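Before any comments, here is the structure.
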Amino acid sequence: MKQIQLSERPKLSSSLPAILFWITAAFSLCTTYYVTGHILDSDTSSTLVFAEHLAGIGKLFSQDWMYSTSIEVISSHLIYMPLFSLLDNWQSVRLIGTIILQALYVLSYAFMLRQAGVSKRVFYISATLILLPISVAHGRIVLYHCYYIPLLVVDFLMLGLVFRCAKVDNWKKPGPYLSVIALSVLSFLGGCSGIRQLMIAHAPMVLSAFLFCFLDFYKYEKKISEMLTSDRTRILFFSVLSAGASFVGFLVNVGYLCKRFTFADYGSTGLQILNFAELDDVLYGFFHQFGFREQVNMISAIGILSLLGLIAGIYCVYASIQTIKRYKKEDNIYTTLLSTFFLFFTGVTLFSFLVTGGDSGYYYPLYFAFCISWAAPFLIISHEDVAAKKGFSFEKLFSWITVFTLLINGFANLTFFNGSKTFNQIYEGLTFYETDKKETLSGTVEYLTENDYQIGYATYWESNVLTEITNGDIRMINLFMGGEDGNLVYYNWLTSLYLREVENPKPFLLLPADFRQYFERSDSYQYCTLVYSDSYHCVYDILDREAFIPTLYS
């Protein structure tokens with residue numbers, strides 16, 4: 001992709017992109033404050049429960065915790081755990097920790113773009129996009145609950161270090177070797193967190209680098225000796241080095257960490273062909289990232305924004321493919337690679353769904369939530385190229401439509417995440433319709449705290465949230481209701497295992513109100529008595545804990 005000179009760019013105040021970015025950052029802070037106080041779920045609360053547990057025992061790892069398939073070191077160990085050593089207010093820990101993670105997200109993104117050699121203007125506009133909740137899934141999964149920010153921080157730093165190492169011509173100084181060491185260590189640690197890093201970062205990176213090595217050789221008939229010294233080949237070399245280090249880390253994850261600590265058994269997915277009846281769900285998961293929404297009125301403001309989001313997603317794929325078709329050896333390989341990275345990320349993700357799908361357990365909007373973080377840089381770089389051309393073209397028109405659509409969708413969803421019903425929609429990702437979990441639990445929490453309950457059992461989506469909003473005063477054990485027979489079993493997912501054995505003179509059971517009719521058919525019901533209920537939840541006293549526990553293993 002040709003690097004545009006400043007004189008070729010459309011006339012626009014050079015300060016406007018920076019102003020837009022800082023306005024967005026201010027809105028993001030306000031939204032983060034609202035979300036951390038209202039919009040919670042048990043996944044995000046589990047990170048705080050785990051970090052507070054580590055701070056309490058004074059260890060980096062715990063034998064008493066049910067891990068998922070990864071160890072989220074950046075968020076739980078490096079941010080939330082130290083904050084719990086300084087603060088005892090859980091909402092303050094969440095707010096400060098989220099802001100720190102968002103800052104790392106933007107700073108690591110800036111590092112990657114700096115190594116790619118883009119202008120500040122491109123950074124400010126594209127960074128504005130990655131800070132906006134263009135999709136509800138991106139806002140929920142990336143920006144405010146920060147599930148994917150640690151992964152993206154590592155990805156941005158890795159790709160930036162690959163660029164940095166590939167540009168080195170003089171290896172007589174220690175600086176380049178330090179960059180290689182940093183790249184290897186970071187990649188290894190990323191691999192230790194599980195297979196996802198290999199899928200979302202290393203596979204697209206290696207495939208993109210290989211593509212341009214192939215195009216160089218095929219289109220320009222370079223000699224092998226010339227290819228070995230080209231910057232394209234150096235990018236491929238360091239991409240493979242990074243992927244190799246990450247793969248070693250992944251082997252450590254499955255060969256040591258999973259055996260040394262208690263990991264849930266959700267990481268081994270068998271091969272199966274996707275049920276093509278779900279193909280529309282897969283496509284929706286992708287286009288949702290650009291603002292397309294289900295179950296909204298087409299003839300309305302939000303319906304029009306949704307249709308424009310569909311166009312934006314199509315244009316991003318088109319622009320990425322056009323980058324490959326127009327490729328020339330004098331192009332800036334680093335910005336060009338960002339374009340194909342988005343395309344290969346999308347392709348690898350779709351392929352992963354294709355060979356591991358086949359059931360309805362996938363939450364496609366959730367797993368595609370990385371899209372905007374990779375679409376934003378190449379989209380703005382491409383837009384600068386297209387907008388600089390003289391005269392009218394449909395490509396220029398759709399480029400402008402895409403950029404404005406993403407911005408408008410992002411600012412519209414900011415109102416949604418601040419509790420407004422103006423742009424009401426599904427709380428995308430895990431099919432939540434009630435966004436304010438704290439409000440729905442308020443009556444239950446008031447009853448439990450007034451009656452001095454300390455330890456209870458609850459289905460997963462209530463358990464860790466209850467611990468967080470009671471500031472850690474009530475500890476919870478995860479359960480799962482397996483069907484219409486109402487039987488409860490232990491749910492081994494992001495939970496404190498040591499609580500199972502803790503004696504408590506006053507244990508309770510918390511269930512969603514619509515589970516009540518099923519629970520009354522279960523084996524556990526005879527040992528419980530209803531003591532509180534509202535339109536959202538019901539609470540039972542466990543009368544005979546010794547008899548109740550065996551029913552959870554049945």
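Residues are referred to by chain and number: the chain letter is A, B, ... according to the order shown in the structure tokens, the number counts from 1 in that chain, and ligands are numbered separately from 1 in the order shown.
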- Identify, with DSSP run on backbone atoms, the residues in segment 326-412 of chain A assigned to helix (DSSP H, G or I), and express the list as a count of residues only. 65
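Using only C-alpha atoms, the nearest neighbour of Phe156 of chain A within the list A:Leu183, A:Leu366, A:Ile304, A:Val136 is A:Leu183.
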- Do you know which residues are at most 10 Å from segment 284-292 of chain A counting only C-alpha atoms, after dropping those on the same chain fewer than 6 positions away, and could you put them as a PyMOL selection string? chain A and resi 133-139+278+302-314+316+346+349-350+363-372+375+402+405-410+412-413+428-429
- Message: Show me, as a ChimeraX atom specification, the residues that have an atom within 10 Å of Phe237 of chain A when counting only C-alpha atoms, minus same-chain residues fewer than 4 positions from it.
- Response: /A:162,165-166,206,209-210,228,231-233,241-243
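If only C-alpha atoms are the atoms counted, then among A:Val252, A:Leu104, A:Cys258, A:Leu186 the closest residue to Cys146 of chain A is A:Leu104.
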Taking only residues of segment 47-93 of chain A that have an atom at most 7 Å from an atom of segment 491-495 of chain A, what is each one's shortest atom pair and its distance in Å to one decimal, using only C-alpha atoms, in chain and number order, as JSON lines?
```
{"residue": "A:Trp65", "atom": "CA", "partner": "A:Thr495", "partner_atom": "CA", "distance": 5.9}
{"residue": "A:Met66", "atom": "CA", "partner": "A:Leu494", "partner_atom": "CA", "distance": 5.1}
{"residue": "A:Tyr67", "atom": "CA", "partner": "A:Leu494", "partner_atom": "CA", "distance": 5.5}
{"residue": "A:Ser68", "atom": "CA", "partner": "A:Trp493", "partner_atom": "CA", "distance": 6.1}
```
Could you dump the residues just selected with N, CA, C and O atoms as a compact mmCIF listing (two decimals), in the first residue's frame?
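Final output, again-v2.txt:
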```txt
# COMPACT_ATOMS: atom_id res chain seq x y z
N TRP A 65 -8.42 -23.15 42.83
CA TRP A 65 -9.22 -22.41 41.85
C TRP A 65 -9.42 -23.27 40.61
O TRP A 65 -8.49 -23.92 40.13
N MET A 66 -10.65 -23.25 40.11
CA MET A 66 -10.94 -23.95 38.86
C MET A 66 -10.69 -22.99 37.71
O MET A 66 -11.48 -22.09 37.44
N TYR A 67 -9.52 -23.14 37.05
CA TYR A 67 -9.18 -22.29 35.91
C TYR A 67 -10.03 -22.70 34.70
O TYR A 67 -10.63 -23.78 34.67
N SER A 68 -10.05 -21.83 33.69
CA SER A 68 -10.72 -22.21 32.44
C SER A 68 -9.71 -23.01 31.62
O SER A 68 -9.28 -24.06 32.03
```
- Task: Do a neighbour search on Ala203 of chain A at 9 Å with only C-alpha atoms, toss out local chain neighbours closer than 4 positions, and write the hits as a VMD selection string.
- Result: chain A and resid 197 to 199 207 to 208 243 344 to 345 348
For the residues selected in the previous step, produce a file with N, CA and C atoms as a PDB file, in the first residue's frame.
```pdb
ATOM      1  N   GLN A 197      -4.106 -17.601  21.228  1.00  0.00           N
ATOM      2  CA  GLN A 197      -3.102 -16.673  20.706  1.00  0.00           C
ATOM      3  C   GLN A 197      -2.558 -17.145  19.361  1.00  0.00           C
ATOM      4  N   LEU A 198      -2.345 -18.461  19.241  1.00  0.00           N
ATOM      5  CA  LEU A 198      -1.873 -19.009  17.973  1.00  0.00           C
ATOM      6  C   LEU A 198      -2.893 -18.793  16.865  1.00  0.00           C
ATOM      7  N   MET A 199      -4.168 -18.923  17.200  1.00  0.00           N
ATOM      8  CA  MET A 199      -5.215 -18.800  16.191  1.00  0.00           C
ATOM      9  C   MET A 199      -5.433 -17.365  15.745  1.00  0.00           C
ATOM     10  N   LEU A 207       0.721 -16.385   7.732  1.00  0.00           N
ATOM     11  CA  LEU A 207       0.087 -16.480   6.410  1.00  0.00           C
ATOM     12  C   LEU A 207       0.251 -15.183   5.623  1.00  0.00           C
ATOM     13  N   SER A 208       0.111 -14.044   6.281  1.00  0.00           N
ATOM     14  CA  SER A 208       0.275 -12.758   5.597  1.00  0.00           C
ATOM     15  C   SER A 208       1.705 -12.576   5.117  1.00  0.00           C
ATOM     16  N   ALA A 243       5.794 -17.410  16.234  1.00  0.00           N
ATOM     17  CA  ALA A 243       4.816 -18.493  16.295  1.00  0.00           C
ATOM     18  C   ALA A 243       5.409 -19.729  16.962  1.00  0.00           C
ATOM     19  N   PHE A 344      -6.825 -12.523   6.843  1.00  0.00           N
ATOM     20  CA  PHE A 344      -6.453 -13.863   7.289  1.00  0.00           C
ATOM     21  C   PHE A 344      -7.016 -14.167   8.673  1.00  0.00           C
ATOM     22  N   PHE A 345      -7.106 -13.163   9.539  1.00  0.00           N
ATOM     23  CA  PHE A 345      -7.751 -13.393  10.831  1.00  0.00           C
ATOM     24  C   PHE A 345      -9.185 -13.854  10.621  1.00  0.00           C
ATOM     25  N   VAL A 348      -9.114 -17.472   9.141  1.00  0.00           N
ATOM     26  CA  VAL A 348      -8.741 -18.491  10.129  1.00  0.00           C
ATOM     27  C   VAL A 348      -9.883 -18.716  11.115  1.00  0.00           C
TER      28      VAL A 348
END
```
- Message: Neighbouring residues of Leu251 of chain A were defined as those with any atom within 9 Å, considering only C-alpha atoms; residues of the same chain fewer than 3 positions away were excluded. Please report them as an NGL selection string.
- Response: :A and (191-192 or 194 or 246-248 or 254-256)
- Show which residues sit within 12 Å of Glu462 of chain A, as a PyMOL selection string. Count only C-alpha atoms, and ignore same-chain residues fewer than 5 positions away. chain A and resi 40-46+437-438+440-442+444-445+456-457+467-469+475-480+509-513+536-539
Written file, previous selection with N, CA, C and O atoms, as a tab-separated table (two decimals), in the first residue's frame:
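Ended up saving to part.tsv:
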```tsv
chain	number	residue	atom	x	y	z
A	40	LEU	N	-22.76	-6.05	34.81
A	40	LEU	CA	-21.83	-7.09	35.25
A	40	LEU	C	-22.33	-8.45	34.80
A	40	LEU	O	-23.52	-8.65	34.57
A	41	ASP	N	-21.43	-9.40	34.66
A	41	ASP	CA	-21.82	-10.80	34.53
A	41	ASP	C	-20.76	-11.66	35.22
A	41	ASP	O	-19.69	-11.18	35.58
A	42	SER	N	-21.07	-12.92	35.38
A	42	SER	CA	-20.23	-13.76	36.23
A	42	SER	C	-18.85	-14.02	35.62
A	42	SER	O	-17.89	-14.25	36.35
A	43	ASP	N	-18.74	-13.98	34.31
A	43	ASP	CA	-17.43	-14.14	33.69
A	43	ASP	C	-16.48	-13.03	34.12
A	43	ASP	O	-15.35	-13.27	34.54
A	44	THR	N	-16.95	-11.79	33.97
A	44	THR	CA	-16.08	-10.67	34.32
A	44	THR	C	-15.87	-10.58	35.83
A	44	THR	O	-14.79	-10.22	36.30
A	45	SER	N	-16.89	-10.94	36.62
A	45	SER	CA	-16.73	-10.92	38.07
A	45	SER	C	-15.74	-11.98	38.54
A	45	SER	O	-15.07	-11.80	39.56
A	46	SER	N	-15.65	-13.09	37.81
A	46	SER	CA	-14.75	-14.16	38.23
A	46	SER	C	-13.30	-13.71	38.25
A	46	SER	O	-12.50	-14.19	39.07
A	437	LYS	N	-27.42	-6.33	35.62
A	437	LYS	CA	-27.51	-7.46	36.53
A	437	LYS	C	-27.53	-7.01	37.98
A	437	LYS	O	-28.16	-7.63	38.84
A	438	LYS	N	-26.85	-5.91	38.25
A	438	LYS	CA	-26.81	-5.39	39.62
A	438	LYS	C	-28.21	-4.99	40.07
A	438	LYS	O	-28.60	-5.23	41.23
A	440	THR	N	-31.14	-6.20	38.95
A	440	THR	CA	-32.01	-7.36	39.11
A	440	THR	C	-31.69	-8.14	40.39
A	440	THR	O	-32.55	-8.83	40.93
A	441	LEU	N	-30.46	-8.02	40.89
A	441	LEU	CA	-30.07	-8.72	42.11
A	441	LEU	C	-30.23	-7.86	43.37
A	441	LEU	O	-29.95	-8.34	44.47
A	442	SER	N	-30.66	-6.61	43.21
A	442	SER	CA	-30.65	-5.69	44.35
A	442	SER	C	-31.52	-6.17	45.50
A	442	SER	O	-31.12	-6.12	46.67
A	444	THR	N	-32.47	-9.25	46.19
A	444	THR	CA	-31.87	-10.46	46.76
A	444	THR	C	-30.69	-10.09	47.66
A	444	THR	O	-30.54	-10.64	48.77
A	445	VAL	N	-29.84	-9.20	47.18
A	445	VAL	CA	-28.66	-8.79	47.96
A	445	VAL	C	-29.08	-8.15	49.28
A	445	VAL	O	-28.49	-8.42	50.34
A	456	GLY	N	-22.97	-19.27	49.91
A	456	GLY	CA	-24.15	-19.83	49.25
A	456	GLY	C	-23.80	-20.56	47.97
A	456	GLY	O	-22.66	-20.54	47.49
A	457	TYR	N	-24.81	-21.19	47.39
A	457	TYR	CA	-24.72	-21.90	46.12
A	457	TYR	C	-25.61	-21.17	45.12
A	457	TYR	O	-26.70	-20.70	45.47
A	467	THR	N	-20.90	-12.13	44.61
A	467	THR	CA	-19.69	-11.87	45.41
A	467	THR	C	-19.16	-10.47	45.16
A	467	THR	O	-18.78	-9.76	46.09
A	468	GLU	N	-19.14	-10.05	43.90
A	468	GLU	CA	-18.61	-8.73	43.58
A	468	GLU	C	-19.46	-7.61	44.16
A	468	GLU	O	-18.93	-6.69	44.79
A	469	ILE	N	-20.76	-7.67	43.97
A	469	ILE	CA	-21.58	-6.53	44.38
A	469	ILE	C	-21.80	-6.50	45.90
A	469	ILE	O	-22.27	-5.48	46.42
A	475	ARG	N	-19.57	-15.32	49.71
A	475	ARG	CA	-18.80	-16.19	48.81
A	475	ARG	C	-19.73	-17.23	48.20
A	475	ARG	O	-20.62	-17.75	48.88
A	476	MET	N	-19.51	-17.55	46.93
A	476	MET	CA	-20.45	-18.39	46.21
A	476	MET	C	-19.77	-19.62	45.60
A	476	MET	O	-18.61	-19.60	45.23
A	477	ILE	N	-20.57	-20.69	45.51
A	477	ILE	CA	-20.15	-21.95	44.89
A	477	ILE	C	-21.01	-22.15	43.65
A	477	ILE	O	-22.24	-22.06	43.71
A	478	ASN	N	-20.37	-22.44	42.51
A	478	ASN	CA	-21.08	-22.53	41.23
A	478	ASN	C	-21.83	-23.85	41.08
A	478	ASN	O	-21.29	-24.93	41.35
A	479	LEU	N	-23.04	-23.74	40.57
A	479	LEU	CA	-23.85	-24.91	40.24
A	479	LEU	C	-24.39	-24.77	38.83
A	479	LEU	O	-24.40	-23.69	38.24
A	480	PHE	N	-24.89	-25.89	38.31
A	480	PHE	CA	-25.47	-25.90	36.97
A	480	PHE	C	-26.73	-26.74	37.02
A	480	PHE	O	-26.75	-27.83	37.60
A	509	LEU	N	-29.21	-21.24	48.91
A	509	LEU	CA	-29.23	-21.54	47.49
A	509	LEU	C	-29.96	-20.42	46.76
A	509	LEU	O	-31.07	-20.05	47.13
A	510	LEU	N	-29.32	-19.86	45.72
A	510	LEU	CA	-29.91	-18.78	44.91
A	510	LEU	C	-30.14	-19.29	43.50
A	510	LEU	O	-29.23	-19.83	42.87
A	511	LEU	N	-31.36	-19.13	42.99
A	511	LEU	CA	-31.71	-19.56	41.64
A	511	LEU	C	-32.50	-18.47	40.93
A	511	LEU	O	-33.21	-17.69	41.58
A	512	PRO	N	-32.40	-18.39	39.60
A	512	PRO	CA	-33.30	-17.49	38.86
A	512	PRO	C	-34.75	-17.91	39.09
A	512	PRO	O	-35.05	-19.10	39.25
A	513	ALA	N	-35.64	-16.95	39.07
A	513	ALA	CA	-37.04	-17.23	39.37
A	513	ALA	C	-37.64	-18.25	38.41
A	513	ALA	O	-38.47	-19.09	38.81
A	536	TYR	N	-37.24	-11.79	39.87
A	536	TYR	CA	-36.00	-12.18	39.22
A	536	TYR	C	-35.37	-13.43	39.82
A	536	TYR	O	-34.85	-14.29	39.10
A	537	HIS	N	-35.37	-13.54	41.16
A	537	HIS	CA	-34.64	-14.62	41.82
A	537	HIS	C	-35.40	-15.16	43.02
A	537	HIS	O	-36.33	-14.51	43.52
A	538	CYS	N	-35.00	-16.35	43.45
A	538	CYS	CA	-35.54	-16.92	44.69
A	538	CYS	C	-34.38	-17.48	45.52
A	538	CYS	O	-33.37	-17.94	44.98
A	539	VAL	N	-34.53	-17.42	46.83
A	539	VAL	CA	-33.51	-17.85	47.77
A	539	VAL	C	-34.08	-18.94	48.67
A	539	VAL	O	-35.20	-18.82	49.18
```
- Two-atom distance - atom CA of Phe423 of chain A, atom CA of Val296 of chain A (Å):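 According to the coordinates, atom CA of Phe423 of chain A and atom CA of Val296 of chain A are separated by 9.4 Å.
Counting from atom CA of Ala547 of chain A, the distance to atom CA of Asp473 of chain A is 25.7 Å.
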- Task: Using only C-alpha atoms, find the one residue out of A:Leu29, A:Leu159, A:Leu215, A:Leu499 that sits nearest to Arg114 of chain A.
- Result: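 Result for the nearest residue to Arg114 of chain A: A:Leu159.
Distance check against Tyr147 of chain A using only C-alpha atoms: of A:Gln63, A:Thr98, A:Asn170, A:Ser92, the minimum falls on A:Thr98.
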Per residue of segment 348-429 of chain A within 8 Å of segment 319-325 of chain A, what are the shortest atom pair and its distance in Å to one decimal, counting only C-alpha atoms, with rows by chain and residue number, as CSV?
```
residue,atom,partner,partner_atom,distance
A:Phe378,CA,A:Ser320,CA,7.9
A:Leu379,CA,A:Ala319,CA,7.6
A:Ser382,CA,A:Ala319,CA,7.3
```
Saved selection, atoms kept: N, CA and C atoms, as a compact mmCIF listing (two decimals), in the first residue's frame:
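Generated output (out32.txt):
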```txt
# COMPACT_ATOMS: atom_id res chain seq x y z
N PHE A 378 -6.05 -0.91 9.04
CA PHE A 378 -5.94 -0.98 7.58
C PHE A 378 -7.04 -0.18 6.91
N LEU A 379 -8.23 -0.10 7.54
CA LEU A 379 -9.33 0.65 6.94
C LEU A 379 -8.98 2.12 6.82
N SER A 382 -6.20 2.59 4.22
CA SER A 382 -6.81 2.46 2.89
C SER A 382 -7.65 3.67 2.55
```
- Query: So which one's closest to Arg545 of chain A, A:Ser463, A:Ser339, A:Gln526, A:Ser352? Using only C-alpha atoms, please.
  - Reply: A:Gln526
